[in-house]
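Shown next: run-v2.cif, given as mmCIF, C-alpha atoms.
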data_start
loop_
_atom_site.group_PDB
_atom_site.id
_atom_site.type_symbol
_atom_site.label_atom_id
_atom_site.label_comp_id
_atom_site.auth_asym_id
_atom_site.auth_seq_id
_atom_site.Cartn_x
_atom_site.Cartn_y
_atom_site.Cartn_z
ATOM 1 C CA MET C 1 60.893 57.766 40.532
ATOM 2 C CA SER C 2 60.845 61.519 41.109
ATOM 3 C CA ILE C 3 63.037 64.461 40.236
ATOM 4 C CA LEU C 4 65.808 66.156 42.243
ATOM 5 C CA ILE C 5 65.094 64.636 45.694
ATOM 6 C CA ASP C 6 63.832 61.373 47.187
ATOM 7 C CA ALA C 7 63.828 59.414 50.438
ATOM 8 C CA LYS C 8 67.602 58.977 50.297
ATOM 9 C CA THR C 9 68.345 62.712 50.151
ATOM 10 C CA LYS C 10 70.315 63.971 53.153
ATOM 11 C CA VAL C 11 69.579 67.600 53.976
ATOM 12 C CA ILE C 12 71.234 70.300 56.052
ATOM 13 C CA CYS C 13 69.926 73.747 56.957
ATOM 14 C CA GLN C 14 72.143 76.807 56.636
ATOM 15 C CA GLY C 15 70.885 79.145 59.334
ATOM 16 C CA ILE C 16 69.513 76.364 61.522
ATOM 17 C CA THR C 17 69.884 78.298 64.777
ATOM 18 C CA GLY C 18 67.704 81.201 63.597
ATOM 19 C CA SER C 19 64.001 81.074 64.440
ATOM 20 C CA ALA C 20 62.835 80.359 60.874
ATOM 21 C CA GLY C 21 65.638 77.907 60.193
ATOM 22 C CA LYS C 22 64.942 75.944 63.349
ATOM 23 C CA PHE C 23 61.181 75.923 62.880
ATOM 24 C CA HIS C 24 61.301 74.620 59.322
ATOM 25 C CA THR C 25 64.157 72.192 59.967
ATOM 26 C CA LEU C 26 62.051 70.494 62.607
ATOM 27 C CA GLY C 27 59.016 70.636 60.330
ATOM 28 C CA CYS C 28 60.945 68.897 57.549
ATOM 29 C CA ARG C 29 62.207 66.274 59.969
ATOM 30 C CA ASP C 30 58.685 65.659 61.223
ATOM 31 C CA TYR C 31 57.611 65.154 57.606
ATOM 32 C CA GLY C 32 60.225 62.424 57.237
ATOM 33 C CA THR C 33 63.085 64.274 55.568
ATOM 34 C CA GLN C 34 66.545 63.110 56.569
ATOM 35 C CA MET C 35 67.658 66.351 58.290
ATOM 36 C CA VAL C 36 71.230 65.363 59.102
ATOM 37 C CA GLY C 37 72.677 68.666 60.276
ATOM 38 C CA GLY C 38 72.770 72.423 60.199
ATOM 39 C CA VAL C 39 75.275 75.221 59.756
ATOM 40 C CA THR C 40 75.731 78.430 61.694
ATOM 41 C CA PRO C 41 79.234 79.939 61.834
ATOM 42 C CA GLY C 42 80.481 80.141 65.415
ATOM 43 C CA LYS C 43 77.937 77.665 66.757
ATOM 44 C CA GLY C 44 79.579 74.439 65.664
ATOM 45 C CA GLY C 45 79.358 71.700 68.275
ATOM 46 C CA GLN C 46 75.879 72.664 69.430
ATOM 47 C CA ASP C 47 72.722 70.861 68.405
ATOM 48 C CA VAL C 48 69.110 71.775 67.619
ATOM 49 C CA GLU C 49 66.888 69.151 69.226
ATOM 50 C CA GLY C 50 69.396 66.454 68.402
ATOM 51 C CA ILE C 51 70.423 67.773 64.990
ATOM 52 C CA PRO C 52 74.155 68.633 65.003
ATOM 53 C CA VAL C 53 75.320 72.141 64.135
ATOM 54 C CA PHE C 54 78.527 72.785 62.206
ATOM 55 C CA ASP C 55 80.560 75.925 61.552
ATOM 56 C CA THR C 56 80.835 75.353 57.812
ATOM 57 C CA VAL C 57 79.019 73.472 55.077
ATOM 58 C CA GLU C 58 82.243 71.636 54.252
ATOM 59 C CA GLU C 59 82.349 70.228 57.779
ATOM 60 C CA ALA C 60 78.676 69.287 57.644
ATOM 61 C CA VAL C 61 79.096 67.432 54.369
ATOM 62 C CA ALA C 62 82.193 65.620 55.607
ATOM 63 C CA GLU C 63 80.449 64.490 58.805
ATOM 64 C CA THR C 64 76.963 63.698 57.512
ATOM 65 C CA GLY C 65 77.217 62.983 53.785
ATOM 66 C CA ALA C 66 74.633 65.689 53.095
ATOM 67 C CA ASP C 67 73.784 66.241 49.428
ATOM 68 C CA ALA C 68 71.094 68.939 49.761
ATOM 69 C CA THR C 69 70.645 72.145 51.724
ATOM 70 C CA MET C 70 67.981 74.690 52.511
ATOM 71 C CA ILE C 71 69.090 78.237 53.224
ATOM 72 C CA PHE C 72 67.469 80.479 55.814
ATOM 73 C CA VAL C 73 70.220 83.060 56.314
ATOM 74 C CA PRO C 74 69.477 86.831 56.073
ATOM 75 C CA PRO C 75 69.397 88.344 52.542
ATOM 76 C CA PRO C 76 72.841 90.046 52.637
ATOM 77 C CA PHE C 77 74.485 86.688 53.371
ATOM 78 C CA THR C 78 72.432 84.422 51.111
ATOM 79 C CA ALA C 79 74.668 84.652 48.035
ATOM 80 C CA ASP C 80 77.726 83.621 50.021
ATOM 81 C CA ALA C 81 75.735 80.784 51.621
ATOM 82 C CA ILE C 82 74.799 79.502 48.153
ATOM 83 C CA LEU C 83 78.415 79.666 47.005
ATOM 84 C CA GLU C 84 79.611 77.914 50.162
ATOM 85 C CA ALA C 85 77.179 75.068 49.522
ATOM 86 C CA LEU C 86 78.302 74.907 45.912
ATOM 87 C CA ASP C 87 81.981 74.741 46.904
ATOM 88 C CA ALA C 88 81.220 71.983 49.420
ATOM 89 C CA GLY C 89 79.732 69.775 46.711
ATOM 90 C CA ILE C 90 76.033 70.092 47.604
ATOM 91 C CA LYS C 91 73.929 69.074 44.586
ATOM 92 C CA VAL C 92 70.502 70.521 45.476
ATOM 93 C CA ILE C 93 70.427 74.009 47.004
ATOM 94 C CA ALA C 94 67.086 75.528 48.022
ATOM 95 C CA ALA C 95 67.401 79.204 48.945
ATOM 96 C CA ILE C 96 64.209 80.111 50.792
ATOM 97 C CA THR C 97 65.304 83.638 51.778
ATOM 98 C CA GLU C 98 63.295 86.560 50.379
ATOM 99 C CA GLY C 99 64.872 89.905 49.503
ATOM 100 C CA VAL C 100 68.222 88.742 48.154
ATOM 101 C CA PRO C 101 69.788 91.661 46.203
ATOM 102 C CA VAL C 102 69.549 91.072 42.461
ATOM 103 C CA ILE C 103 73.179 92.111 41.985
ATOM 104 C CA ASP C 104 74.175 89.292 44.349
ATOM 105 C CA MET C 105 72.248 86.776 42.261
ATOM 106 C CA VAL C 106 74.003 87.992 39.117
ATOM 107 C CA ARG C 107 77.253 86.975 40.780
ATOM 108 C CA VAL C 108 75.909 83.607 41.896
ATOM 109 C CA TYR C 109 73.882 82.628 38.832
ATOM 110 C CA GLU C 110 76.713 81.982 36.378
ATOM 111 C CA LYS C 111 78.678 79.936 38.911
ATOM 112 C CA VAL C 112 75.682 77.739 39.624
ATOM 113 C CA ARG C 113 74.908 77.278 35.930
ATOM 114 C CA ALA C 114 78.519 76.279 35.295
ATOM 115 C CA SER C 115 78.290 73.540 37.942
ATOM 116 C CA ASP C 116 76.366 70.277 38.144
ATOM 117 C CA ALA C 117 74.352 71.578 41.118
ATOM 118 C CA VAL C 118 70.729 72.741 41.047
ATOM 119 C CA LEU C 119 69.671 75.972 42.749
ATOM 120 C CA ILE C 120 65.993 76.422 43.605
ATOM 121 C CA GLY C 121 65.037 80.016 44.454
ATOM 122 C CA PRO C 122 65.780 82.328 46.087
ATOM 123 C CA ASN C 123 62.484 83.695 47.423
ATOM 124 C CA CYS C 124 60.779 80.329 47.068
ATOM 125 C CA PRO C 125 58.931 77.738 49.191
ATOM 126 C CA GLY C 126 61.376 74.974 48.276
ATOM 127 C CA LEU C 127 60.574 71.581 46.799
ATOM 128 C CA ILE C 128 58.941 68.347 47.850
ATOM 129 C CA THR C 129 58.635 64.771 46.676
ATOM 130 C CA PRO C 130 55.484 63.725 48.551
ATOM 131 C CA GLY C 131 55.941 60.959 51.071
ATOM 132 C CA GLN C 132 59.712 61.023 50.680
ATOM 133 C CA CYS C 133 61.431 64.366 51.213
ATOM 134 C CA LYS C 134 60.391 67.964 51.927
ATOM 135 C CA ILE C 135 62.926 70.794 51.703
ATOM 136 C CA GLY C 136 61.381 74.145 52.543
ATOM 137 C CA ILE C 137 58.307 75.734 54.013
ATOM 138 C CA MET C 138 55.377 74.151 52.162
ATOM 139 C CA PRO C 139 52.650 72.437 54.209
ATOM 140 C CA GLY C 140 53.463 68.772 53.765
ATOM 141 C CA TYR C 141 50.033 67.381 54.677
ATOM 142 C CA ILE C 142 48.321 68.601 51.502
ATOM 143 C CA HIS C 143 50.696 66.655 49.247
ATOM 144 C CA ASN C 144 50.099 63.110 48.053
ATOM 145 C CA PRO C 145 52.393 60.852 46.021
ATOM 146 C CA GLY C 146 51.151 60.783 42.451
ATOM 147 C CA LYS C 147 51.595 61.598 38.805
ATOM 148 C CA VAL C 148 51.629 65.403 38.335
ATOM 149 C CA GLY C 149 54.841 67.390 38.251
ATOM 150 C CA VAL C 150 54.113 70.867 39.618
ATOM 151 C CA MET C 151 56.361 73.873 39.015
ATOM 152 C CA SER C 152 55.504 77.420 39.954
ATOM 153 C CA ARG C 153 56.731 80.996 40.336
ATOM 154 C CA SER C 154 54.163 81.489 43.119
ATOM 155 C CA GLY C 155 54.435 79.722 46.451
ATOM 156 C CA THR C 156 50.834 80.184 47.480
ATOM 157 C CA LEU C 157 49.453 79.072 44.134
ATOM 158 C CA THR C 158 51.673 75.996 44.347
ATOM 159 C CA TYR C 159 49.796 75.004 47.486
ATOM 160 C CA GLU C 160 46.458 75.622 45.779
ATOM 161 C CA ALA C 161 47.482 73.496 42.784
ATOM 162 C CA VAL C 162 48.660 70.733 45.088
ATOM 163 C CA TRP C 163 45.399 70.804 47.019
ATOM 164 C CA GLN C 164 43.366 70.546 43.814
ATOM 165 C CA THR C 165 45.422 67.745 42.238
ATOM 166 C CA SER C 166 45.298 65.831 45.521
ATOM 167 C CA ALA C 167 41.517 66.272 45.734
ATOM 168 C CA LEU C 168 41.168 64.936 42.183
ATOM 169 C CA GLY C 169 43.175 61.838 43.100
ATOM 170 C CA LEU C 170 46.081 62.707 40.825
ATOM 171 C CA GLY C 171 48.717 63.474 43.440
ATOM 172 C CA GLN C 172 52.144 64.887 42.683
ATOM 173 C CA SER C 173 55.491 63.419 41.629
ATOM 174 C CA THR C 174 57.649 66.357 42.684
ATOM 175 C CA CYS C 175 56.623 69.983 43.334
ATOM 176 C CA VAL C 176 59.105 72.796 42.838
ATOM 177 C CA GLY C 177 58.633 76.439 43.775
ATOM 178 C CA LEU C 178 60.952 78.336 41.453
ATOM 179 C CA GLY C 179 60.750 81.658 43.274
ATOM 180 C CA GLY C 180 59.375 85.056 42.359
ATOM 181 C CA ASP C 181 62.579 87.037 41.806
ATOM 182 C CA PRO C 182 63.925 88.305 38.458
ATOM 183 C CA ILE C 183 66.929 85.950 38.708
ATOM 184 C CA VAL C 184 66.366 82.444 40.061
ATOM 185 C CA GLY C 185 68.559 79.406 39.747
ATOM 186 C CA THR C 186 66.210 77.035 37.948
ATOM 187 C CA SER C 187 63.893 77.733 35.025
ATOM 188 C CA PHE C 188 60.696 76.115 33.793
ATOM 189 C CA ILE C 189 62.704 74.593 30.940
ATOM 190 C CA ASP C 190 65.184 72.988 33.343
ATOM 191 C CA LEU C 191 62.304 71.240 35.096
ATOM 192 C CA LEU C 192 60.425 70.365 31.906
ATOM 193 C CA LYS C 193 63.470 68.362 30.822
ATOM 194 C CA GLN C 194 63.452 66.459 34.107
ATOM 195 C CA TYR C 195 59.701 65.860 34.234
ATOM 196 C CA GLN C 196 59.754 64.648 30.639
ATOM 197 C CA ALA C 197 62.412 62.077 31.578
ATOM 198 C CA ASP C 198 60.736 61.021 34.828
ATOM 199 C CA ASP C 199 58.723 57.790 34.673
ATOM 200 C CA GLN C 200 56.448 58.765 37.585
ATOM 201 C CA THR C 201 55.413 62.095 36.075
ATOM 202 C CA GLU C 202 52.475 61.608 33.699
ATOM 203 C CA ALA C 203 51.427 65.257 33.396
ATOM 204 C CA ILE C 204 52.917 68.660 34.175
ATOM 205 C CA LEU C 205 51.319 71.747 35.710
ATOM 206 C CA MET C 206 53.115 75.054 35.204
ATOM 207 C CA ILE C 207 52.085 78.113 37.218
ATOM 208 C CA GLY C 208 53.477 81.324 35.827
ATOM 209 C CA GLU C 209 52.784 84.989 36.311
ATOM 210 C CA ILE C 210 52.994 88.273 34.449
ATOM 211 C CA GLY C 211 56.434 89.717 33.792
ATOM 212 C CA GLY C 212 59.508 88.346 32.087
ATOM 213 C CA SER C 213 59.512 85.782 29.292
ATOM 214 C CA ALA C 214 59.948 82.477 31.159
ATOM 215 C CA GLU C 215 56.489 81.193 30.225
ATOM 216 C CA GLU C 216 56.855 82.033 26.533
ATOM 217 C CA GLU C 217 60.236 80.276 26.440
ATOM 218 C CA ALA C 218 58.754 77.259 28.236
ATOM 219 C CA ALA C 219 55.886 77.138 25.734
ATOM 220 C CA ALA C 220 58.325 77.003 22.832
ATOM 221 C CA PHE C 221 60.231 74.204 24.565
ATOM 222 C CA VAL C 222 57.057 72.224 25.231
ATOM 223 C CA LYS C 223 56.046 72.484 21.595
ATOM 224 C CA GLU C 224 59.359 71.004 20.449
ATOM 225 C CA HIS C 225 60.392 68.603 23.185
ATOM 226 C CA VAL C 226 57.613 67.614 25.634
ATOM 227 C CA THR C 227 55.273 64.733 24.801
ATOM 228 C CA LYS C 228 53.456 64.620 28.156
ATOM 229 C CA PRO C 229 50.238 66.585 28.805
ATOM 230 C CA VAL C 230 50.932 70.093 30.109
ATOM 231 C CA ALA C 231 48.508 72.451 31.831
ATOM 232 C CA ALA C 232 49.200 75.993 32.992
ATOM 233 C CA PHE C 233 47.877 79.013 34.808
ATOM 234 C CA ILE C 234 49.106 82.605 34.539
ATOM 235 C CA ALA C 235 48.674 84.756 37.634
ATOM 236 C CA GLY C 236 48.113 88.481 37.289
ATOM 237 C CA ARG C 237 45.564 88.553 34.456
ATOM 238 C CA THR C 238 43.533 91.193 36.253
ATOM 239 C CA ALA C 239 46.451 93.288 37.483
ATOM 240 C CA PRO C 240 45.787 96.953 36.684
ATOM 241 C CA PRO C 241 48.325 98.602 34.325
ATOM 242 C CA GLY C 242 51.147 100.315 36.177
ATOM 243 C CA LYS C 243 50.398 98.514 39.434
ATOM 244 C CA ARG C 244 53.481 97.308 41.265
ATOM 245 C CA MET C 245 53.096 93.618 42.113
ATOM 246 C CA GLY C 246 54.454 91.715 45.081
ATOM 247 C CA HIS C 247 56.894 89.542 43.181
ATOM 248 C CA ALA C 248 60.093 91.187 42.019
ATOM 249 C CA GLY C 249 59.903 89.171 38.811
ATOM 250 C CA ALA C 250 56.383 90.315 37.969
ATOM 251 C CA ILE C 251 57.466 93.410 36.088
ATOM 252 C CA ILE C 252 55.984 94.167 32.675
ATOM 253 C CA SER C 253 58.548 95.970 30.542
ATOM 254 C CA GLY C 254 57.661 97.842 27.347
ATOM 255 C CA GLY C 255 54.320 96.068 27.124
ATOM 256 C CA LYS C 256 56.036 92.676 27.117
ATOM 257 C CA GLY C 257 55.297 89.930 29.587
ATOM 258 C CA THR C 258 51.545 90.474 29.780
ATOM 259 C CA ALA C 259 49.136 87.716 30.703
ATOM 260 C CA THR C 260 47.538 87.913 27.253
ATOM 261 C CA GLU C 261 50.867 87.289 25.530
ATOM 262 C CA LYS C 262 51.723 84.412 27.802
ATOM 263 C CA VAL C 263 48.355 82.681 27.485
ATOM 264 C CA ALA C 264 48.517 82.998 23.691
ATOM 265 C CA ALA C 265 51.998 81.446 23.623
ATOM 266 C CA LEU C 266 50.947 78.584 25.889
ATOM 267 C CA GLU C 267 47.801 77.779 23.944
ATOM 268 C CA ALA C 268 49.705 77.917 20.654
ATOM 269 C CA ALA C 269 52.013 75.252 22.066
ATOM 270 C CA GLY C 270 49.059 72.969 22.836
ATOM 271 C CA ILE C 271 49.062 73.654 26.575
ATOM 272 C CA THR C 272 45.721 73.659 28.404
ATOM 273 C CA VAL C 273 45.421 76.996 30.224
ATOM 274 C CA ALA C 274 43.249 77.322 33.314
ATOM 275 C CA PRO C 275 41.139 80.523 33.227
ATOM 276 C CA THR C 276 41.177 80.956 37.016
ATOM 277 C CA PRO C 277 43.178 79.558 39.949
ATOM 278 C CA ALA C 278 40.170 77.419 40.855
ATOM 279 C CA ASP C 279 40.487 75.568 37.538
ATOM 280 C CA MET C 280 44.120 74.439 37.742
ATOM 281 C CA GLY C 281 43.381 70.850 38.747
ATOM 282 C CA GLN C 282 40.652 70.467 36.132
ATOM 283 C CA ALA C 283 43.026 71.874 33.505
ATOM 284 C CA VAL C 284 45.404 69.010 34.267
ATOM 285 C CA VAL C 285 42.555 66.526 33.893
ATOM 286 C CA ASP C 286 41.571 68.098 30.568
ATOM 287 C CA ALA C 287 45.165 68.070 29.331
ATOM 288 C CA MET C 288 45.477 64.374 30.202
ATOM 289 C CA LYS C 289 42.318 63.594 28.234
ATOM 290 C CA GLY C 290 43.956 65.211 25.204
#
How would this structure read if it were set down as structure tokens?
Amino acid sequence: MSILIDAKTKVICQGITGSAGKFHTLGCRDYGTQMVGGVTPGKGGQDVEGIPVFDTVEEAVAETGADATMIFVPPPFTADAILEALDAGIKVIAAITEGVPVIDMVRVYEKVRASDAVLIGPNCPGLITPGQCKIGIMPGYIHNPGKVGVMSRSGTLTYEAVWQTSALGLGQSTCVGLGGDPIVGTSFIDLLKQYQADDQTEAILMIGEIGGSAEEEAAAFVKEHVTKPVAAFIAGRTAPPGKRMGHAGAIISGGKGTATEKVAALEAAGITVAPTPADMGQAVVDAMKG
């Protein structure tokens, strides 16, 4: 089993006729994902290398049976694209777009949380169940089917964690890039619940970063509800005070959200914390040994 997506998932791309949308749609199809269509208003009836284009998500769902989407529309239009997918009944929405206004996500967040749909991102690499379905921009070739559930606020560190767990022969069940913005659709806790219930997932690797309180909240949840081995890494340990970081969510407010606080909370919950990015795979091995 896996979480969120598998070989049966039918995916569309909102923004398929843009350069990024087209490039990654074809990349996902090459990986083996069922890319059944795309959406660009005003370009319905066209196709992108054999993939049909529709004017609306509703039309795409009606014609293809799509149940997942990846969004590559420009930032000012991303919130409306998410809501359109939600209204059309899409169950997994991956918003890859970077730079979505926070005020737009405030409007979208509550509607998504009140639905039975899952929003990944925005400002994320997407998600992948190795060997079955890739939705997003991650390099598929480094992933291998396996036993580690990977979840991360950092796209690049997700790839590094995948590379290490593949090299150690562990592989991955499903990898999810949550996104680096202050407001994203899915939290660590949302995924911990799913990984805990997933038969294929034998261990969990969480990659957090400075800023916010998501890691501390996840640690408390792990302590109470997760019986599987959990390893973690916190990015930004060496960030100089006052330095503005690349991720919008990596903001330390009032001294809260520091790496020291997060590591302490994780270790107190029994989570094995990797001291450096190079140790993430080994931390999973150590966590599995108990």
Could you state which residues are captured by the PyMOL selection byres ((chain C and resi 144) around 10) in this file, as a list in words?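 Taken on the displayed file, the PyMOL selection byres ((chain C and resi 144) around 10) yields the residues Thr129, Pro130, Gly131, Gly140, Tyr141, Ile142, His143, Pro145, Gly146, Lys147, Val162, Trp163, Thr165, Ser166, Ala167, Gly169, Leu170, Gly171, Gln172, Ser173 and Thr174 of chain C.
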So how far away is atom CA of Thr258 of chain C from atom CA of Gly211 of chain C, in Å?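 About the pair atom CA of Gly211 of chain C and atom CA of Thr258 of chain C: they are 6.4 Å apart.
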Counting all atoms listed in the file, which residues in segment 75-170 of chain C sit no more than 7 Å from segment 33-37 of chain C? For each one, give the nearest pair of atoms and the distance in Å, sorted by chain then residue number, as a Markdown table.
| residue | atom | partner | partner_atom | distance |
| --- | --- | --- | --- | --- |
| C:Gln132 | CA | C:Thr33 | CA | 6.8 |
| C:Cys133 | CA | C:Thr33 | CA | 4.7 |
| C:Lys134 | CA | C:Thr33 | CA | 5.8 |
Could you save those same residues with C-alpha atoms as a tab-separated table (two decimals), in the coordinates of the input?
chain	number	residue	atom	x	y	z
C	132	GLN	CA	59.71	61.02	50.68
C	133	CYS	CA	61.43	64.37	51.21
C	134	LYS	CA	60.39	67.96	51.93
To test your reading of the syntax: which residues would the PyMOL selection byres ((chain C and resi 220-224) around 8) return for the file shown? Reply as a ChimeraX atom specification. /C:189,192,216-219,225-227,265,269-270
Give me the residues within 8 Å of segment 202-207 of chain C as a list in words, counting only C-alpha atoms and dropping any in the same chain fewer than 5 places off. Lys147, Val148, Gly149, Val150, Met151, Ser152, Arg153, Ser154, Leu157, Thr158, Phe188, Tyr195, Lys228, Pro229, Val230, Ala231, Ala232, Phe233, Ile234, Ala235, Met280, Val284, Ala287 and Met288 of chain C
Output C-alpha atoms for every residue in the selection just made, as a compact mmCIF listing (two decimals), in the frame of the given file.
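Full text of again-v9.txt as output:
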# COMPACT_ATOMS: atom_id res chain seq x y z
CA LYS C 147 51.60 61.60 38.80
CA VAL C 148 51.63 65.40 38.34
CA GLY C 149 54.84 67.39 38.25
CA VAL C 150 54.11 70.87 39.62
CA MET C 151 56.36 73.87 39.02
CA SER C 152 55.50 77.42 39.95
CA ARG C 153 56.73 81.00 40.34
CA SER C 154 54.16 81.49 43.12
CA LEU C 157 49.45 79.07 44.13
CA THR C 158 51.67 76.00 44.35
CA PHE C 188 60.70 76.11 33.79
CA TYR C 195 59.70 65.86 34.23
CA LYS C 228 53.46 64.62 28.16
CA PRO C 229 50.24 66.58 28.80
CA VAL C 230 50.93 70.09 30.11
CA ALA C 231 48.51 72.45 31.83
CA ALA C 232 49.20 75.99 32.99
CA PHE C 233 47.88 79.01 34.81
CA ILE C 234 49.11 82.60 34.54
CA ALA C 235 48.67 84.76 37.63
CA MET C 280 44.12 74.44 37.74
CA VAL C 284 45.40 69.01 34.27
CA ALA C 287 45.16 68.07 29.33
CA MET C 288 45.48 64.37 30.20
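Taking only C-alpha atoms into account, Val48 of chain C lies nearest to C:Gly21 out of the set C:Pro75, C:Gly290, C:Gly212, C:Gly21.
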Skip Ser19 of chain C itself and residues of its chain fewer than 6 positions away, then list as a short mmCIF file (atom, residue, chain, number, x, y, z; two decimals) with C-alpha atoms, in the frame of the given file all residues within 12 Å of it, counting all atoms listed in the file.
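What follows is the written file part39.cif:
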data_model
loop_
_atom_site.label_atom_id
_atom_site.label_comp_id
_atom_site.auth_asym_id
_atom_site.auth_seq_id
_atom_site.Cartn_x
_atom_site.Cartn_y
_atom_site.Cartn_z
CA THR C 25 64.16 72.19 59.97
CA LEU C 26 62.05 70.49 62.61
CA VAL C 48 69.11 71.78 67.62
CA PHE C 72 67.47 80.48 55.81
CA VAL C 73 70.22 83.06 56.31
CA PRO C 74 69.48 86.83 56.07
#
Restricting the calculation to all atoms listed in the file: of C:Arg29, C:Arg113, C:Lys8, C:Lys43, which residue gets closest to Gly65 of chain C? C:Lys8
So that I can check the surroundings of segment 77-93 of chain C, please list as a compact mmCIF listing (two decimals) with C-alpha atoms, in the frame of the given file every protein, DNA and RNA residue that reaches within 10 Å of it, counting all atoms listed in the file and ignoring chain neighbours fewer than 6 positions away.
# COMPACT_ATOMS: atom_id res chain seq x y z
CA LEU C 4 65.81 66.16 42.24
CA ILE C 5 65.09 64.64 45.69
CA THR C 9 68.34 62.71 50.15
CA VAL C 11 69.58 67.60 53.98
CA ILE C 12 71.23 70.30 56.05
CA CYS C 13 69.93 73.75 56.96
CA GLN C 14 72.14 76.81 56.64
CA GLY C 15 70.89 79.14 59.33
CA VAL C 39 75.28 75.22 59.76
CA THR C 56 80.83 75.35 57.81
CA VAL C 57 79.02 73.47 55.08
CA GLU C 58 82.24 71.64 54.25
CA GLU C 59 82.35 70.23 57.78
CA ALA C 60 78.68 69.29 57.64
CA VAL C 61 79.10 67.43 54.37
CA ALA C 62 82.19 65.62 55.61
CA GLY C 65 77.22 62.98 53.78
CA ALA C 66 74.63 65.69 53.10
CA ASP C 67 73.78 66.24 49.43
CA ALA C 68 71.09 68.94 49.76
CA THR C 69 70.64 72.14 51.72
CA MET C 70 67.98 74.69 52.51
CA ILE C 71 69.09 78.24 53.22
CA GLY C 99 64.87 89.90 49.50
CA VAL C 100 68.22 88.74 48.15
CA PRO C 101 69.79 91.66 46.20
CA VAL C 102 69.55 91.07 42.46
CA ILE C 103 73.18 92.11 41.98
CA ASP C 104 74.18 89.29 44.35
CA MET C 105 72.25 86.78 42.26
CA VAL C 106 74.00 87.99 39.12
CA ARG C 107 77.25 86.98 40.78
CA VAL C 108 75.91 83.61 41.90
CA TYR C 109 73.88 82.63 38.83
CA LYS C 111 78.68 79.94 38.91
CA VAL C 112 75.68 77.74 39.62
CA SER C 115 78.29 73.54 37.94
CA ASP C 116 76.37 70.28 38.14
CA ALA C 117 74.35 71.58 41.12
CA VAL C 118 70.73 72.74 41.05
CA LEU C 119 69.67 75.97 42.75
CA ILE C 120 65.99 76.42 43.60
CA GLY C 121 65.04 80.02 44.45
CA PRO C 122 65.78 82.33 46.09
CA GLY C 126 61.38 74.97 48.28
CA ILE C 135 62.93 70.79 51.70
CA GLY C 185 68.56 79.41 39.75
Distance in Å - atom CA of Ile137 of chain C versus atom CA of Gly180 of chain C: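 Going from atom CA of Ile137 of chain C over to atom CA of Gly180 of chain C covers 15.0 Å.
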Atomic distance atom CA of Met1 of chain C - atom CA of Glu160 of chain C, expressed in Å with one decimal: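 One can read the atom CA of Met1 of chain C to atom CA of Glu160 of chain C distance as 23.6 Å.
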May I have the centre and edge lengths, in Å to one decimal, of an axis-aligned box around the listed atoms of segment 111-114 of chain C with 3 Å added to every side, as lines of an AutoDock Vina configuration file?
center_x = 76.8
center_y = 78.1
center_z = 37.5
size_x = 9.8
size_y = 9.7
size_z = 10.3
Counting only C-alpha atoms, closest pick from C:Asn123, C:Gly136, C:Tyr159, C:Ala259 relative to Gly27 of chain C is C:Gly136
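Proximity to Thr276 of chain C was assessed for C:Met138, C:Ala161, C:Val53, C:Ala7 counting only C-alpha atoms; the smallest distance is recorded for C:Ala161.
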For each of C:Ile96, C:Ile51, C:Ile183, C:Leu127, take the minimum atom-to-atom distance to Glu110 of chain C, counting all atoms listed in the file, then give the residue where this is smallest.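 Under the stated criterion, the closest residue is C:Ile183.
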Applied to this file, what does the PyMOL selection byres ((chain C and resi 273) around 7) return in terms of residues, put as an mmCIF file with C-alpha atoms, keeping the file's coordinate frame?
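File produced: part_3.cif:
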data_model
loop_
_atom_site.group_PDB
_atom_site.id
_atom_site.type_symbol
_atom_site.label_atom_id
_atom_site.label_comp_id
_atom_site.auth_asym_id
_atom_site.auth_seq_id
_atom_site.Cartn_x
_atom_site.Cartn_y
_atom_site.Cartn_z
ATOM 1 C CA ALA C 231 48.508 72.451 31.831
ATOM 2 C CA ALA C 232 49.200 75.993 32.992
ATOM 3 C CA PHE C 233 47.877 79.013 34.808
ATOM 4 C CA VAL C 263 48.355 82.681 27.485
ATOM 5 C CA GLU C 267 47.801 77.779 23.944
ATOM 6 C CA ILE C 271 49.062 73.654 26.575
ATOM 7 C CA THR C 272 45.721 73.659 28.404
ATOM 8 C CA ALA C 274 43.249 77.322 33.314
ATOM 9 C CA PRO C 275 41.139 80.523 33.227
ATOM 10 C CA ALA C 283 43.026 71.874 33.505
#
